[in-house]
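Chemist: The structure under discussion is supplied below as structure tokens; questions concerning it will follow.
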Amino acid sequence: MPLTSPTSSTRANRRVARTITLAACLALAVPAASASASPWGAPQVLLPASAGYVTEPAVSQNADGLAVAVFAKSVGGHSRVYAAVRPAGGAFPAAAPISAATEDAAQPTAAVDADGGVTVAWRAGTTIKSSYRPAGGAFPATPQTVASTGVEPSTAVDITTAAGGFAAIAWTGLVSTAERTAYAIRAGGATTFGTATFVPQQVASGTAKSIFGSPRIAADDAGDLTLLWQEQVDRGDGNAHYVAEASTKARSATAFSAPVELSLDFAAGSGDPAPGSVSSSFIDVLTAPTGRTVAVWDYQNSGTGSTVTVIQYAERVPGASFAAGTWNTRQTLPGSTGGDFPAAAIDGKGGIAIAYLSSAGVSASVRTTAAGGFQTPKLLSGSSVYQGAPPGIAMTPAGDAVVAWSAGASPDAEVDAARLVAGQDRFGDSVVVASRAGASGASVSYSAPSIALDAEGNGALVSDLNDTVAPSGTYTPYAFGFDPIPPTLGAIVVPAAGTVGTSLALAATATDRSGVPTVTWDFGDGGSATGAEVAHTYASPGAYTVTVRATDAAGNVSSATKTTLITAAATVPAPAPTPAPPVATPSPKLPLVPASPKLKTSKAKGGATRITLLSLSPLLAGDVVTVACSGKGCTKKASSKTTFKPKTPKKSKRLPTSLTISGVANLTLKPGATLTVTIARTGYTPSVTTFTIVKGKTPKKG
């Protein structure tokens, strides 16, 4: 994804402020919304206060809200790089070191790609190091050494990413004693960078002397790259000239193109006064998702005997392909006289925001469309601002932007910010993000902040606080959440109609990038409730307006209304009297079957009883005899009912006076079992006899 916010000064402490953009803007759709009084959250301590410098705090965030904060901290005579990764909607954990304890790591920069991978790069003496944390993973124990020789030890590394894990870094390298711009690329799906390579560097006129400062690199969604650097050039007039130069590389190309001079200065047809000394010393480059690229620099001209400084920019518009694009002629930002330390950001439509410093303070100018012009810059701050680096700036694909800077008059300090709402052409008024009063005789200061935004416009800002307490300073790196976006209300369920006295079920879904919002209800009759799913009963008929609100942790509110019509409960007629049931004529009582069973038993082991014979008499043909066993003493064999239908033997007209029933004779039952014998005969009441097995005794008949 393209970077749309700047890395700051290459002459002083370097600060990074960047955001990752999407090819398509994410639209927020809420029925009604209102922002909180201050969208800036409470400070989060990234590392407890301690002695030892904290430098280079920087933050990066992808479109989904995953963020990483990095900084360098001097520990035990060495400087280490620390990182803290914040999940979307969560908080920053304590930062942990990712560089070796014995190397002097400095000037870290970081980028979060669209897939959730985090890449951090830094300079360690004359080497370039990098550490890659895949989505859901961890930083490796040993960082990659991208370049081990030929690194200019006074400059910083810059980084950019695109989809699929693609990344590129750039720094100032050394070929013998000559300074050249170097880069390395990590292919999509890889975990390490490839071979460090030098850009084919040259200038259009004059003699190149050296590279000044650190390069900037940016990528579009496809992974096409643009490099911007500054070259010190001898024009033959005895003065040093600093020229902004750019080179591009389509992702499929094997090398960068020949450089192009963007800040043409003391040369025929340049339009600049001559003779004199012209320099462009602070640069930035940013690329939109589609490849539209903007380079920005400050431009100083001393040819008339007095130094005139302005902010200039040039755009590169892709043609039929990225490689076919061309740079437009440089332009001067209107009203930027006296401007220095520029920082810029670009949205998905070609809109640009440029912020810079001057003796008056921090100013910003906005161009809302690619075809439009820049508005007159707006002064956002007073003159008491940190002059060591540019302000931090970030922008979303839709055009929301934030500028932040360090301010405050000694001994006090604060971090201030201003927001640009998408569609507007001027930043709003500044607000205080953080402030600290200095103790008597000991001032405090915040470092220049770094700011990053997700696709919705939520953000994160990092800065470190220096308490100058004798004998040495105490440094605390902080992170601040930025949540100006109200929650999104999804499906809302309010029944269109109901009746008095009947409970209605209502429900609503609400989501927020910064956490779980609270859902509240106003039922329109004075009643209220809290929760995503609630119920309410109306006491009177009428049309009621139901209002549902979702509130996030920052106090942003979204609301929607629905109407429900409550009618009186329908009158139910009294039921007709139930006629008395007819009086049933009792059936005549039937005589009991004149037959009964007898058992012959013997004792068995364990107190059980063995049935040797079941005798039933007198039986008649057509009788139905049912034998069933119940109770815990029954065996599996006797658990089911057994039915017998006696028949008269062919050689006799009479049934036997006793009958041995198969399945019952020789049946062994344990104490507690009950054997039930039922004899049924047509025209008679069935005869039911029970035999309960008693331990060591004759079964009890009942």
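By order of appearance in the structure tokens: chains A, B, ..., then residues from 1 within every chain, and ligands from 1 in the order shown.
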Write out as a ChimeraX atom specification the residues lying within 9 Å of A:Ile566, counting only C-alpha atoms and excluding same-chain residues fewer than 2 positions away.
Modeler: /A:496-500,538,540-544,564,568
Chemist: Would you output that residue set with N, CA, C and O atoms, as a CSV table (one decimal), in the first residue's frame?
Modeler:
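Full text of part-v1.csv as output:
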chain,number,residue,atom,x,y,z
A,496,ALA,N,-43.2,-2.6,13.9
A,496,ALA,CA,-44.0,-1.4,13.4
A,496,ALA,C,-45.2,-1.2,14.2
A,496,ALA,O,-45.8,-0.1,14.2
A,497,ALA,N,-45.7,-2.2,14.8
A,497,ALA,CA,-47.0,-2.1,15.6
A,497,ALA,C,-47.0,-3.0,16.8
A,497,ALA,O,-46.2,-4.0,16.8
A,498,GLY,N,-47.8,-2.7,17.7
A,498,GLY,CA,-48.0,-3.5,18.9
A,498,GLY,C,-49.2,-3.2,19.6
A,498,GLY,O,-50.0,-2.3,19.2
A,499,THR,N,-49.5,-3.8,20.7
A,499,THR,CA,-50.7,-3.5,21.5
A,499,THR,C,-50.3,-3.2,22.9
A,499,THR,O,-49.3,-3.6,23.4
A,500,VAL,N,-51.2,-2.4,23.6
A,500,VAL,CA,-51.0,-2.1,25.0
A,500,VAL,C,-50.9,-3.3,25.8
A,500,VAL,O,-51.7,-4.3,25.7
A,538,TYR,N,-45.7,-1.0,26.3
A,538,TYR,CA,-46.4,0.3,26.4
A,538,TYR,C,-47.7,0.2,27.1
A,538,TYR,O,-48.4,-0.8,27.0
A,540,SER,N,-50.1,2.8,27.1
A,540,SER,CA,-51.2,3.6,26.4
A,540,SER,C,-51.0,3.5,24.9
A,540,SER,O,-49.9,3.4,24.4
A,541,PRO,N,-52.2,3.5,24.2
A,541,PRO,CA,-52.1,3.5,22.7
A,541,PRO,C,-51.5,4.8,22.2
A,541,PRO,O,-51.6,5.9,22.8
A,542,GLY,N,-50.9,4.8,21.0
A,542,GLY,CA,-50.4,6.0,20.3
A,542,GLY,C,-49.2,5.6,19.4
A,542,GLY,O,-48.8,4.5,19.4
A,543,ALA,N,-48.7,6.6,18.7
A,543,ALA,CA,-47.6,6.5,17.8
A,543,ALA,C,-46.3,6.9,18.6
A,543,ALA,O,-46.3,8.1,19.0
A,544,TYR,N,-45.3,6.1,18.8
A,544,TYR,CA,-44.2,6.4,19.6
A,544,TYR,C,-42.9,6.4,18.7
A,544,TYR,O,-42.7,5.5,17.9
A,564,THR,N,-43.2,3.2,16.1
A,564,THR,CA,-44.1,2.0,16.4
A,564,THR,C,-45.5,2.5,16.8
A,564,THR,O,-45.6,3.5,17.5
A,568,ALA,N,-54.9,-0.2,21.3
A,568,ALA,CA,-55.5,-0.8,22.5
A,568,ALA,C,-55.7,-2.3,22.3
A,568,ALA,O,-55.9,-2.7,21.2
Chemist: Which residue gives the smallest distance to A:Pro517 among A:Val534, A:Ala554, A:Ile159, A:Ala401, with only C-alpha atoms counted?
Modeler: A:Ala554
Chemist: Which residues, written as an NGL selection string, have at least one atom at most 7 Å from A:Trp327, with only C-alpha atoms counted and residues fewer than 4 positions away on the same chain left out?
Modeler: :A and (314-317)
Chemist: Name the residues in contact with A:Pro377 at a cut-off of 7 Å, using only C-alpha atoms, excluding same-chain residues fewer than 4 positions from it; report them as a list in words.
Modeler: Gly335, Ser363, Ala364 and Ser365 of chain A
Chemist: Just write the chosen residues, all heavy atoms, as a short mmCIF file (atom, residue, chain, number, x, y, z; two decimals), in the first residue's frame.
Modeler:
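Saved the output as result.cif:
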data_model
loop_
_atom_site.label_atom_id
_atom_site.label_comp_id
_atom_site.auth_asym_id
_atom_site.auth_seq_id
_atom_site.Cartn_x
_atom_site.Cartn_y
_atom_site.Cartn_z
N GLY A 335 1.44 31.22 -1.14
CA GLY A 335 1.46 31.75 0.22
C GLY A 335 2.46 31.08 1.13
O GLY A 335 2.38 31.25 2.35
N SER A 363 1.77 25.89 9.41
CA SER A 363 0.72 26.24 8.45
C SER A 363 0.42 25.01 7.60
O SER A 363 1.24 24.10 7.47
CB SER A 363 1.17 27.40 7.55
OG SER A 363 1.37 28.57 8.30
N ALA A 364 -0.77 25.00 7.00
CA ALA A 364 -1.17 23.88 6.14
C ALA A 364 -2.01 24.40 4.99
O ALA A 364 -2.80 25.34 5.15
CB ALA A 364 -1.92 22.83 6.93
N SER A 365 -1.85 23.77 3.82
CA SER A 365 -2.63 24.11 2.64
C SER A 365 -3.20 22.83 2.06
O SER A 365 -2.58 21.77 2.14
CB SER A 365 -1.75 24.82 1.61
OG SER A 365 -2.51 25.21 0.49
#
Chemist: Can you check which parts of stretch 353-383 of chain A lie within 8 Å of stretch 416-433 of chain A? Per residue, the shortest pair of atoms and distance in Å to one decimal, counting only C-alpha atoms, sorted by chain and number, as a tab-separated table.
Modeler:
residue	atom	partner	partner_atom	distance
A:Ala364	CA	A:Phe427	CA	7.4
A:Ser365	CA	A:Arg426	CA	7.0
A:Val366	CA	A:Asp425	CA	5.5
A:Arg367	CA	A:Asp425	CA	6.6
A:Thr368	CA	A:Asp425	CA	6.1
A:Gln375	CA	A:Asp425	CA	7.0
A:Lys378	CA	A:Arg426	CA	7.1
A:Leu380	CA	A:Ser430	CA	6.1
A:Ser381	CA	A:Ser430	CA	7.0
Chemist: The selected residues should be written to file as an mmCIF file, in the first residue's frame (atoms: C-alpha atoms).
Modeler:
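Generated output (again-v5.cif):
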data_model
loop_
_atom_site.group_PDB
_atom_site.id
_atom_site.type_symbol
_atom_site.label_atom_id
_atom_site.label_comp_id
_atom_site.auth_asym_id
_atom_site.auth_seq_id
_atom_site.Cartn_x
_atom_site.Cartn_y
_atom_site.Cartn_z
ATOM 1 C CA ALA A 364 -1.166 23.885 6.137
ATOM 2 C CA SER A 365 -2.627 24.110 2.642
ATOM 3 C CA VAL A 366 -5.119 21.759 0.984
ATOM 4 C CA ARG A 367 -5.963 20.723 -2.568
ATOM 5 C CA THR A 368 -9.171 18.659 -2.569
ATOM 6 C CA GLN A 375 -5.964 27.066 -1.007
ATOM 7 C CA LYS A 378 -3.944 28.399 7.125
ATOM 8 C CA LEU A 380 -2.619 26.415 12.662
ATOM 9 C CA SER A 381 -0.337 27.328 15.561
#
Chemist: Output as a Markdown table one row per residue of stretch 405-465 of chain A within 8 Å of stretch 62-69 of chain A: the closest atom pair and its distance in Å to one decimal place, counting only C-alpha atoms, sorted by chain and residue number ascending.
Modeler:
| residue | atom | partner | partner_atom | distance |
| --- | --- | --- | --- | --- |
| A:Leu453 | CA | A:Asn62 | CA | 7.5 |
| A:Asp454 | CA | A:Ala63 | CA | 4.3 |
| A:Ala455 | CA | A:Ala63 | CA | 4.4 |
| A:Glu456 | CA | A:Ala63 | CA | 7.6 |
| A:Asn458 | CA | A:Gly65 | CA | 7.5 |
| A:Gly459 | CA | A:Gly65 | CA | 7.8 |
| A:Ala460 | CA | A:Ala67 | CA | 7.6 |
| A:Val462 | CA | A:Ala69 | CA | 7.1 |
